[in-house]
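> Attaching a single structure in structure tokens format; questions to follow.
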4 protein chains.
Amino acid sequence: MDIQNVLNDAVKYAAERMEDGKSAAYIPELAKEDPRRLGACISMVDGRSFTAGDWDHDFTMQSISKTITLIMALEKLGEEYVFSKVGVEPTGDSFNSIVKLETRTPHPLNPMINAGAIAISSCLTGAGYSFEDYLNTVRQLCGRSTITLNENVYLSEQKAGNRNRAMAYLMENDNVLDCAAEEACDLYFKACSVNVNTRDLARYARLLANNGTDPETGRRIIDSRMTCIVKTLMITCGMYDASGYFALNVGLPAKSGVGGGIMATLEKKAGLAAYSPGLDAKGNSIGAYYVLQYLSEKLSLHYFSAEECLI
Amino acid sequence: MDIQNVLNDAVKYAAERMEDGKSAAYIPELAKEDPRRLGACISMVDGRSFTAGDWDHDFTMQSISKTITLIMALEKLGEEYVFSKVGVEPTGDSFNSIVKLETRTPHPLNPMINAGAIAISSCLTGAGYSFEDYLNTVRQLCGRSTITLNENVYLSEQKAGNRNRAMAYLMENDNVLDCAAEEACDLYFKACSVNVNTRDLARYARLLANNGTDPETGRRIIDSRMTCIVKTLMITCGMYDASGYFALNVGLPAKSGVGGGIMATLEKKAGLAAYSPGLDAKGNSIGAYYVLQYLSEKLSLHYFSAEECLI
Amino acid sequence: MDIQNVLNDAVKYAAERMEDGKSAAYIPELAKEDPRRLGACISMVDGRSFTAGDWDHDFTMQSISKTITLIMALEKLGEEYVFSKVGVEPTGDSFNSIVKLETRTPHPLNPMINAGAIAISSCLTGAGYSFEDYLNTVRQLCGRSTITLNENVYLSEQKAGNRNRAMAYLMENDNVLDCAAEEACDLYFKACSVNVNTRDLARYARLLANNGTDPETGRRIIDSRMTCIVKTLMITCGMYDASGYFALNVGLPAKSGVGGGIMATLEKKAGLAAYSPGLDAKGNSIGAYYVLQYLSEKLSLHYFSAEECLI
Amino acid sequence: MDIQNVLNDAVKYAAERMEDGKSAAYIPELAKEDPRRLGACISMVDGRSFTAGDWDHDFTMQSISKTITLIMALEKLGEEYVFSKVGVEPTGDSFNSIVKLETRTPHPLNPMINAGAIAISSCLTGAGYSFEDYLNTVRQLCGRSTITLNENVYLSEQKAGNRNRAMAYLMENDNVLDCAAEEACDLYFKACSVNVNTRDLARYARLLANNGTDPETGRRIIDSRMTCIVKTLMITCGMYDASGYFALNVGLPAKSGVGGGIMATLEKKAGLAAYSPGLDAKGNSIGAYYVLQYLSEKLSLHYFSAEECLI
């Protein structure tokens, strides 16, 4: 199978289906993005890579950062400590819901919802890690040392971040946080506002797919248990409250962000990433979804596909 | 009926029933209060007044301040504007619940829950009114010019106020507030931290009972419609989620605060206030409740009492 | 003040404001009612009575029956037992909500919501009381021996009653009921389906206003404590989740039914009833509301009116 | 690796960790089961099979039946119709929660919670399928023609089934069901009450693992897309509100039942089943969990294991 051809077709297929998408409205800086942008990249463990469309256009990671703060916290603070702060269960609510913090448990149900990622950020801040440490981690995981913060988006997040502050203060009130609410939010806002492109994300996803070892150098970058945890949480919670739908129709561990990116891992074989700023009602990129759904179908990538995987 | 004797008996009756009460634990400065303190005052429209126990001990108004910020907002901004910001319905939830702000409407269900009072505080701040204006209003309504802020309690409220901040930020996010979340909280914390005694509250309650006219000078202090609104909300929402129980067993418009005070109005006749710092699980003073319940029973004060009122 | 004239004006005033009302759609038999019907009656303790419009048109009691099953249960099983089954607090939810039975307590928060009335019906059934006993109570309280069941509405309620069954089965599961879920529902459906007119309800309301003694014969019909309980619950919970709004703008203990009736009590003076089948979004009759609101305003009936009551 | 030895060790390992388990208390017939029973079976695509402990002891399928009614509905009514009735998202609530039916959507969030399985049962009943059809399907999927209904458990379920009835009536009220609530519950209760042993479940799981083709005969029994759907839902929703925890620590599509069984699939290789009646607080068998967790760890069965799978 000619992977480049399939990827080109995937981008065409997606472009025809994404006209209803709207750039995230609640963060003004994101709302400026052109929703017709569309790009994708596949980065393979065997060293090959494939790109299409606006694959090298920068966008902010947004919620995809939740997987990276989680990895940092797991590596530096340990699995036991991290899961004393947040749970591992899907919520059935939208990513920015505050209700279960009051009605169920003051500890966020998982690290992929906003409340969970803010709690994780507080653990990192409380243990002395800074945004610089985070940024260095992103650069290492994505394999590009020029990755930087998008200052304008960061300022926009800060301004628009009152719902996240509400969650943070509620958690601070209930002694869930390891630092002050504002500090936890600040790291969270910055982590969300780091600029990447689809190749960066595809390389990061490839690292997860390869269980934490860089396939080019053979060096271990992440503990393999940690990659297992992150990929498992990506399946059950990675696509907000459309995680079940994505699991059914794409069938790859994935994480989306309201910046328009989705990254996905193909176990032991490849990392995939797609980008388009137009979102559906649940906050997932429509264009990026269709790229991945097309690739999964044509290349038999679903983890329960009856067919032989064609990558 | 000898009212002074009945009041003395009420205080004795309450003293025997309040041993389970605990001073509010979540505000450290309040937790220091001696839960055995108990006092009460009746201030009558005909000019008489009766006192018992620690009637002149200072305590902070806490949620009783919600009635005063509401009166200020009604007087200065009008009924229509105020009820565009908050509703008038009981919630069935505890006073510091955040859930309905997400699940039902971003506007607090009534001005007697924390979220509602913070929204009202934001209206006052947004319209240019300061804590000094509030303090002057309290002094006028209670008829004592020496009423002041309890700085220690205010600082303690600020420190312990993250749950209230959570509500404020959620409302700021949903464009409910007329000022920044922190400003709205600050006025709310200060308003809660004003020191009064039972005579102050009884005089304020008497003013409400007399429909806003000072019975001693004949001067109108509050518009009569506003007193009607406040007393109605005191019936349905004044005692947190024990408002129905209080209505059944005491049957007077009343408002309690976690400082240990409860004030109540006897229509056209009197204001009542009682104080004891020990609270029940819903945040109402146990001692103050029993004083008022005894008075209501012995003097036939319930608004639906079949007997002739004996005051 | 010429009460008959004011009542005539009230009906005119209401007629002009009720065009948006819709007869209850979820019970097909009720949906057939002409929403332009409008009638009212005032029955005074001094023996006078005033009527207007379709005052003698029959309609089903619906939720107004909740006050009568409550009175029966209080009289026959005692206050303590009844309030071990249901609470006395407003819910902040709509009358047919099932959520709090799972999230808060398996016991309904009060006897004026559907779940509460079904629990009360189960107490009566469990203690051996039948619909005949209920019907005789209605006849006695309303002073008309020809009051009967509306069979068609009853059958329609049964068919449309699955939401009520859901609540009943959930309560049976949690051991709240004193009889089988279906039996409790059956008494509830029948109690809702009894035909009355506004004079019947006004006479019943007068009895409550007069603390349980028939003003014409001097005979005690209901224990005075029970009338106090019912009227108190009518204030806080009688108008579904518009109880606070009604308390503010009418200020009388009242109970509405989706059949279009509202009855209200004027303490020690009168019973009032109004009827019009067109409902607002919360299930209260629009026409009946405006009749009572007009009467309250023109005759100073609000319990916190600063003016002298003119009845 | 000697699979039989590892299985024997797994059973020993589990036996030491299951003493806190309690047989399901809310179904009296299940409460009689001896919680020390423990058995397991592995059924491999290559034809081998391994058993240990009480592997041939009969127990009722309970919630494991939800996968089979789902398969029947998918096969007979089509994917589109089935997912117009129920969703595919995890709920974050316990399996018997009724709340989201009111607060989120009248359609159950997925077919693995009770409400979802009852909705699926109504589709089957409404389309003319009977319990006999269901039983024949079970026999075919498990490869044993002597599988039968446990009458005592069925009668016990019926008696204890009021919470399920509550959900069914709420869904009937909202027009979600294709038959009457009682009929839907009846098929659901019967489906839950079918007796199987671990070999039956392991063979059924092997069929799912093999994408619907019987590995012994080569005959297609289930459409491969349907097996993909069921396995995906087993990952995200198969272990009630411990699905995320199970995914992290075992990492196999699995479905548990309160009868004490858990079945799991190892893609393209094997079906696994374990049984022990003692449950944890979320309703999952403690003994069966530890058997599967041990096997996963020792044989590297997790779908994201970095090690080579040893089966």
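The chains in the structure tokens are called A, B, ... from first to last as shown; in each chain the residues are counted from 1, and the ligands are counted from 1 in the order shown.
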Mind listing as a list in words which residues of chain B are within 12 Å of chain D, counting only C-alpha atoms?
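Matching residues, ligands excluded from the count: Lys100, Glu102, Thr103 and Arg104 of chain B.
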> Write out the residues from the selection above, keeping C-alpha atoms, as a tab-separated table (two decimals), in the first residue's frame.

```
chain	number	residue	atom	x	y	z
B	100	LYS	CA	-26.60	24.34	39.82
B	102	GLU	CA	-23.38	24.51	35.76
B	103	THR	CA	-26.40	22.24	35.49
B	104	ARG	CA	-29.28	24.67	35.73
```
> Leaving out stretch 126-136 of chain B and any residue of its chain fewer than 5 positions from it, which residues lie within 9 Å of it when counting only C-alpha atoms, given as a short mmCIF file (atom, residue, chain, number, x, y, z; two decimals) with N, CA and C atoms, in the first residue's frame?

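Output (out-v5.cif):
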```
data_model
loop_
_atom_site.label_atom_id
_atom_site.label_comp_id
_atom_site.auth_asym_id
_atom_site.auth_seq_id
_atom_site.Cartn_x
_atom_site.Cartn_y
_atom_site.Cartn_z
N ILE B 68 -28.66 42.41 53.71
CA ILE B 68 -28.34 43.85 53.64
C ILE B 68 -27.76 44.22 52.28
N THR B 69 -26.89 43.37 51.73
CA THR B 69 -26.43 43.67 50.37
C THR B 69 -27.62 43.61 49.40
N MET B 72 -29.49 46.88 49.76
CA MET B 72 -28.74 47.94 49.07
C MET B 72 -28.93 47.86 47.57
N LYS B 76 -30.72 50.62 45.28
CA LYS B 76 -29.89 51.45 44.42
C LYS B 76 -29.98 51.06 42.95
N LEU B 77 -30.26 49.78 42.68
CA LEU B 77 -30.25 49.32 41.29
C LEU B 77 -31.62 48.89 40.80
N SER B 121 -23.04 41.25 45.39
CA SER B 121 -21.87 42.09 45.72
C SER B 121 -21.23 42.66 44.47
N LEU B 141 -29.17 50.71 59.42
CA LEU B 141 -30.26 49.74 59.61
C LEU B 141 -30.30 49.22 61.05
N SER B 145 -23.81 53.57 65.30
CA SER B 145 -22.77 54.15 64.43
C SER B 145 -21.40 53.58 64.73
N ILE B 147 -20.60 50.34 64.77
CA ILE B 147 -20.42 49.00 64.17
C ILE B 147 -19.19 49.03 63.24
N THR B 148 -18.33 48.02 63.36
CA THR B 148 -17.10 48.00 62.54
C THR B 148 -16.79 46.61 61.99
N LEU B 149 -15.81 46.59 61.11
CA LEU B 149 -15.31 45.35 60.53
C LEU B 149 -14.46 44.61 61.56
N LEU B 177 -21.24 38.42 36.52
CA LEU B 177 -20.76 39.45 37.46
C LEU B 177 -20.63 40.82 36.80
N ASP B 178 -20.76 41.85 37.63
CA ASP B 178 -20.56 43.23 37.17
C ASP B 178 -19.17 43.77 37.53
N CYS B 179 -18.35 42.92 38.14
CA CYS B 179 -16.97 43.33 38.42
C CYS B 179 -16.12 42.06 38.41
N ALA B 180 -14.83 42.19 38.65
CA ALA B 180 -13.96 41.02 38.67
C ALA B 180 -14.31 40.11 39.85
N ALA B 184 -15.61 41.04 43.75
CA ALA B 184 -16.92 40.63 44.27
C ALA B 184 -16.74 39.83 45.55
N LEU B 187 -15.75 42.20 48.63
CA LEU B 187 -16.86 42.88 49.30
C LEU B 187 -17.68 41.87 50.09
N LYS B 190 -15.85 40.96 53.32
CA LYS B 190 -15.92 42.06 54.29
C LYS B 190 -17.33 42.18 54.87
N ALA B 191 -18.33 42.08 53.99
CA ALA B 191 -19.70 42.22 54.47
C ALA B 191 -20.02 41.15 55.51
N VAL B 194 -18.54 41.85 59.41
CA VAL B 194 -18.90 43.00 60.24
C VAL B 194 -19.44 42.50 61.59
#
```
> If you count only C-alpha atoms, which residues fall within 10 Å of D:Pro111, apart from same-chain ones fewer than 5 positions away, as a compact mmCIF listing (two decimals) with N, CA and C atoms, in the first residue's frame?

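Listed below is the output, selection-v4.txt:
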```txt
# COMPACT_ATOMS: atom_id res chain seq x y z
N LYS D 66 -25.07 -8.47 28.65
CA LYS D 66 -25.23 -7.22 27.90
C LYS D 66 -24.46 -7.26 26.58
N THR D 67 -23.35 -7.98 26.56
CA THR D 67 -22.61 -8.08 25.30
C THR D 67 -23.37 -8.93 24.29
N THR D 69 -26.87 -9.53 24.21
CA THR D 69 -28.04 -8.84 23.66
C THR D 69 -27.58 -7.76 22.68
N LEU D 70 -26.45 -7.13 22.97
CA LEU D 70 -25.93 -6.13 22.03
C LEU D 70 -25.58 -6.77 20.68
N VAL D 82 -29.36 0.48 16.35
CA VAL D 82 -28.98 0.26 17.75
C VAL D 82 -28.43 1.54 18.36
N PHE D 83 -27.57 2.25 17.63
CA PHE D 83 -26.96 3.45 18.20
C PHE D 83 -27.85 4.69 18.04
N LYS D 85 -30.63 4.25 19.59
CA LYS D 85 -31.29 3.98 20.89
C LYS D 85 -30.36 4.20 22.07
N VAL D 86 -29.11 3.81 21.93
CA VAL D 86 -28.14 3.98 23.02
C VAL D 86 -26.87 4.60 22.45
N GLY D 87 -26.09 5.25 23.32
CA GLY D 87 -24.84 5.87 22.92
C GLY D 87 -23.67 4.91 23.02
N VAL D 88 -22.47 5.45 22.90
CA VAL D 88 -21.26 4.63 22.97
C VAL D 88 -20.23 5.23 23.93
N GLU D 89 -20.69 6.13 24.80
CA GLU D 89 -19.74 6.81 25.68
C GLU D 89 -19.80 6.25 27.11
N PRO D 90 -18.64 6.18 27.77
CA PRO D 90 -18.64 5.85 29.20
C PRO D 90 -19.43 6.90 29.99
N GLY D 116 -28.94 0.96 29.46
CA GLY D 116 -28.64 0.66 28.06
C GLY D 116 -29.03 -0.75 27.68
N ALA D 117 -28.75 -1.70 28.55
CA ALA D 117 -29.10 -3.09 28.25
C ALA D 117 -30.60 -3.29 28.22
N ILE D 118 -31.32 -2.56 29.06
CA ILE D 118 -32.78 -2.66 29.05
C ILE D 118 -33.32 -2.07 27.74
N ALA D 119 -32.73 -0.97 27.31
CA ALA D 119 -33.15 -0.40 26.03
C ALA D 119 -32.89 -1.38 24.89
N ILE D 120 -31.74 -2.03 24.91
CA ILE D 120 -31.43 -3.03 23.88
C ILE D 120 -32.42 -4.19 23.96
N SER D 121 -32.73 -4.63 25.16
CA SER D 121 -33.72 -5.71 25.30
C SER D 121 -35.05 -5.31 24.71
N VAL D 230 -18.23 -4.58 19.93
CA VAL D 230 -18.40 -5.11 21.28
C VAL D 230 -17.10 -5.03 22.05
N LEU D 233 -16.40 -1.44 23.15
CA LEU D 233 -17.23 -1.04 24.28
C LEU D 233 -16.80 -1.76 25.56
N CYS D 237 -16.22 0.53 28.69
CA CYS D 237 -17.37 0.47 29.60
C CYS D 237 -17.60 -0.91 30.20
N GLY D 238 -16.71 -1.86 30.01
CA GLY D 238 -17.03 -3.23 30.36
C GLY D 238 -16.95 -3.57 31.84
```
> Would you please give, as a PyMOL selection string, all residues of stretch 93-297 of chain D that DSSP assigns to alpha helix (DSSP H) based on the backbone?
chain D and resi 99-103+114-126+131-142+151-160+162-173+181-192+198-209+224-237+243-249+286-297
> Atom CA of A:Ile98 and atom CA of A:Asp174 are how many Å apart?
13.3 Å
> Report, in Å with one decimal, the straight-line distance from atom CA of C:Thr265 to atom CA of B:Leu295.
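Separating atom CA of C:Thr265 from atom CA of B:Leu295 is a distance of 25.1 Å.
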> Residues within 12 Å of A:Glu308, please, as a PyMOL selection string. Count only C-alpha atoms; anything in the same chain fewer than 3 positions from it doesn't count.
(chain A and resi 1+296-305+311) or (chain D and resi 268)
> Write the residues of the preceding selection, restricted to N, CA, C and O atoms, as a short mmCIF file (atom, residue, chain, number, x, y, z; two decimals), in the first residue's frame.

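Contents of the output file selection.cif:
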```cif
data_model
loop_
_atom_site.label_atom_id
_atom_site.label_comp_id
_atom_site.auth_asym_id
_atom_site.auth_seq_id
_atom_site.Cartn_x
_atom_site.Cartn_y
_atom_site.Cartn_z
N MET A 1 0.85 -1.21 0.00
CA MET A 1 0.00 0.00 0.00
C MET A 1 0.87 1.25 0.00
O MET A 1 1.80 1.37 0.79
N SER A 296 -7.48 5.02 9.26
CA SER A 296 -7.77 3.80 10.01
C SER A 296 -8.52 2.80 9.14
O SER A 296 -8.21 1.60 9.13
N GLU A 297 -9.47 3.32 8.39
CA GLU A 297 -10.29 2.43 7.56
C GLU A 297 -9.48 1.84 6.40
O GLU A 297 -9.51 0.64 6.15
N LYS A 298 -8.75 2.71 5.69
CA LYS A 298 -8.06 2.25 4.49
C LYS A 298 -6.84 1.40 4.81
O LYS A 298 -6.46 0.53 4.02
N LEU A 299 -6.22 1.66 5.97
CA LEU A 299 -4.99 0.94 6.30
C LEU A 299 -5.20 -0.10 7.41
O LEU A 299 -4.23 -0.69 7.90
N SER A 300 -6.49 -0.31 7.79
CA SER A 300 -6.81 -1.29 8.85
C SER A 300 -6.01 -1.04 10.12
O SER A 300 -5.30 -1.92 10.61
N LEU A 301 -6.16 0.15 10.66
CA LEU A 301 -5.38 0.52 11.84
C LEU A 301 -6.11 0.26 13.16
O LEU A 301 -5.48 0.31 14.22
N HIS A 302 -7.42 0.04 13.10
CA HIS A 302 -8.20 -0.16 14.33
C HIS A 302 -7.61 -1.33 15.12
O HIS A 302 -7.30 -2.36 14.56
N TYR A 303 -7.49 -1.13 16.47
CA TYR A 303 -6.89 -2.21 17.26
C TYR A 303 -7.69 -3.50 17.22
O TYR A 303 -7.19 -4.55 17.61
N PHE A 304 -8.94 -3.44 16.80
CA PHE A 304 -9.70 -4.68 16.65
C PHE A 304 -10.09 -4.95 15.20
O PHE A 304 -11.06 -5.65 14.93
N SER A 305 -9.34 -4.38 14.30
CA SER A 305 -9.61 -4.67 12.90
C SER A 305 -9.39 -6.16 12.61
O SER A 305 -8.42 -6.76 13.08
N ILE A 311 0.10 -0.81 7.47
CA ILE A 311 1.32 -0.03 7.70
C ILE A 311 2.38 -0.96 8.27
O ILE A 311 2.14 -1.66 9.24
N LYS D 268 -7.07 -12.00 18.51
CA LYS D 268 -6.65 -13.01 17.53
C LYS D 268 -6.03 -14.26 18.16
O LYS D 268 -5.61 -15.16 17.44
#
```
> List the neighbours of stretch 204-219 of chain A out to 6 Å using only C-alpha atoms; skip same-chain residues closer than 4 positions along the sequence, and give me the result as a list of chain:residue names.
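The contact residues come out as A:Val45, A:Leu141, A:Cys142, A:Asp223, A:Ser224, A:Thr227, A:Thr265, A:Leu266, A:Glu267, A:Lys268, A:Ala270, A:Gly271, D:Ala306.
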> Find the distance between atom CA of A:Ser63 and atom CA of A:Ser256 and write it in Å to one decimal.
6.4 Å
> What residues in stretch 79-306 of chain D get the DSSP label strand (DSSP E or B)? Please answer as a list in words.
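Taking stretch 79-306 of chain D and keeping strand (DSSP E or B) only, one gets Leu149, Val194, Asn195, Val196, Thr213, Arg220, Ala254, Lys255, Ser256, Gly261, Ile262, Met263, Ala264, Thr265, Leu266, Ala270, Gly271, Leu272, Ala273, Ala274, Tyr275, Leu279 and Ser285 of chain D.
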> Could you save those same residues with C-alpha atoms as a short mmCIF file (atom, residue, chain, number, x, y, z; two decimals), in the first residue's frame?

```cif
data_model
loop_
_atom_site.label_atom_id
_atom_site.label_comp_id
_atom_site.auth_asym_id
_atom_site.auth_seq_id
_atom_site.Cartn_x
_atom_site.Cartn_y
_atom_site.Cartn_z
CA LEU D 149 -32.00 -20.45 32.60
CA VAL D 194 -28.62 -17.79 32.29
CA ASN D 195 -26.19 -20.26 33.84
CA VAL D 196 -22.72 -20.62 32.33
CA THR D 213 -15.16 -16.83 13.11
CA ARG D 220 -18.42 -17.14 10.62
CA ALA D 254 -13.46 -7.44 29.32
CA LYS D 255 -16.96 -7.65 30.70
CA SER D 256 -17.89 -8.50 34.25
CA GLY D 261 -17.72 -13.82 36.20
CA ILE D 262 -15.36 -11.78 34.06
CA MET D 263 -14.56 -12.65 30.48
CA ALA D 264 -11.78 -11.07 28.44
CA THR D 265 -10.47 -11.28 24.90
CA LEU D 266 -6.88 -11.51 23.71
CA ALA D 270 -7.58 -16.42 23.01
CA GLY D 271 -10.62 -16.03 25.18
CA LEU D 272 -10.24 -15.87 28.95
CA ALA D 273 -12.76 -16.24 31.74
CA ALA D 274 -12.55 -16.28 35.50
CA TYR D 275 -15.14 -16.67 38.21
CA LEU D 279 -17.42 -8.63 44.61
CA SER D 285 -15.41 -10.02 41.12
#
```
> Extract, using only C-alpha atoms, all DNA, RNA and protein residues at most 12 Å from D:Tyr13, discarding same-chain residues fewer than 3 positions from it, and format them as a ChimeraX atom specification.
/D:6-10,16-19,38,286-295,298
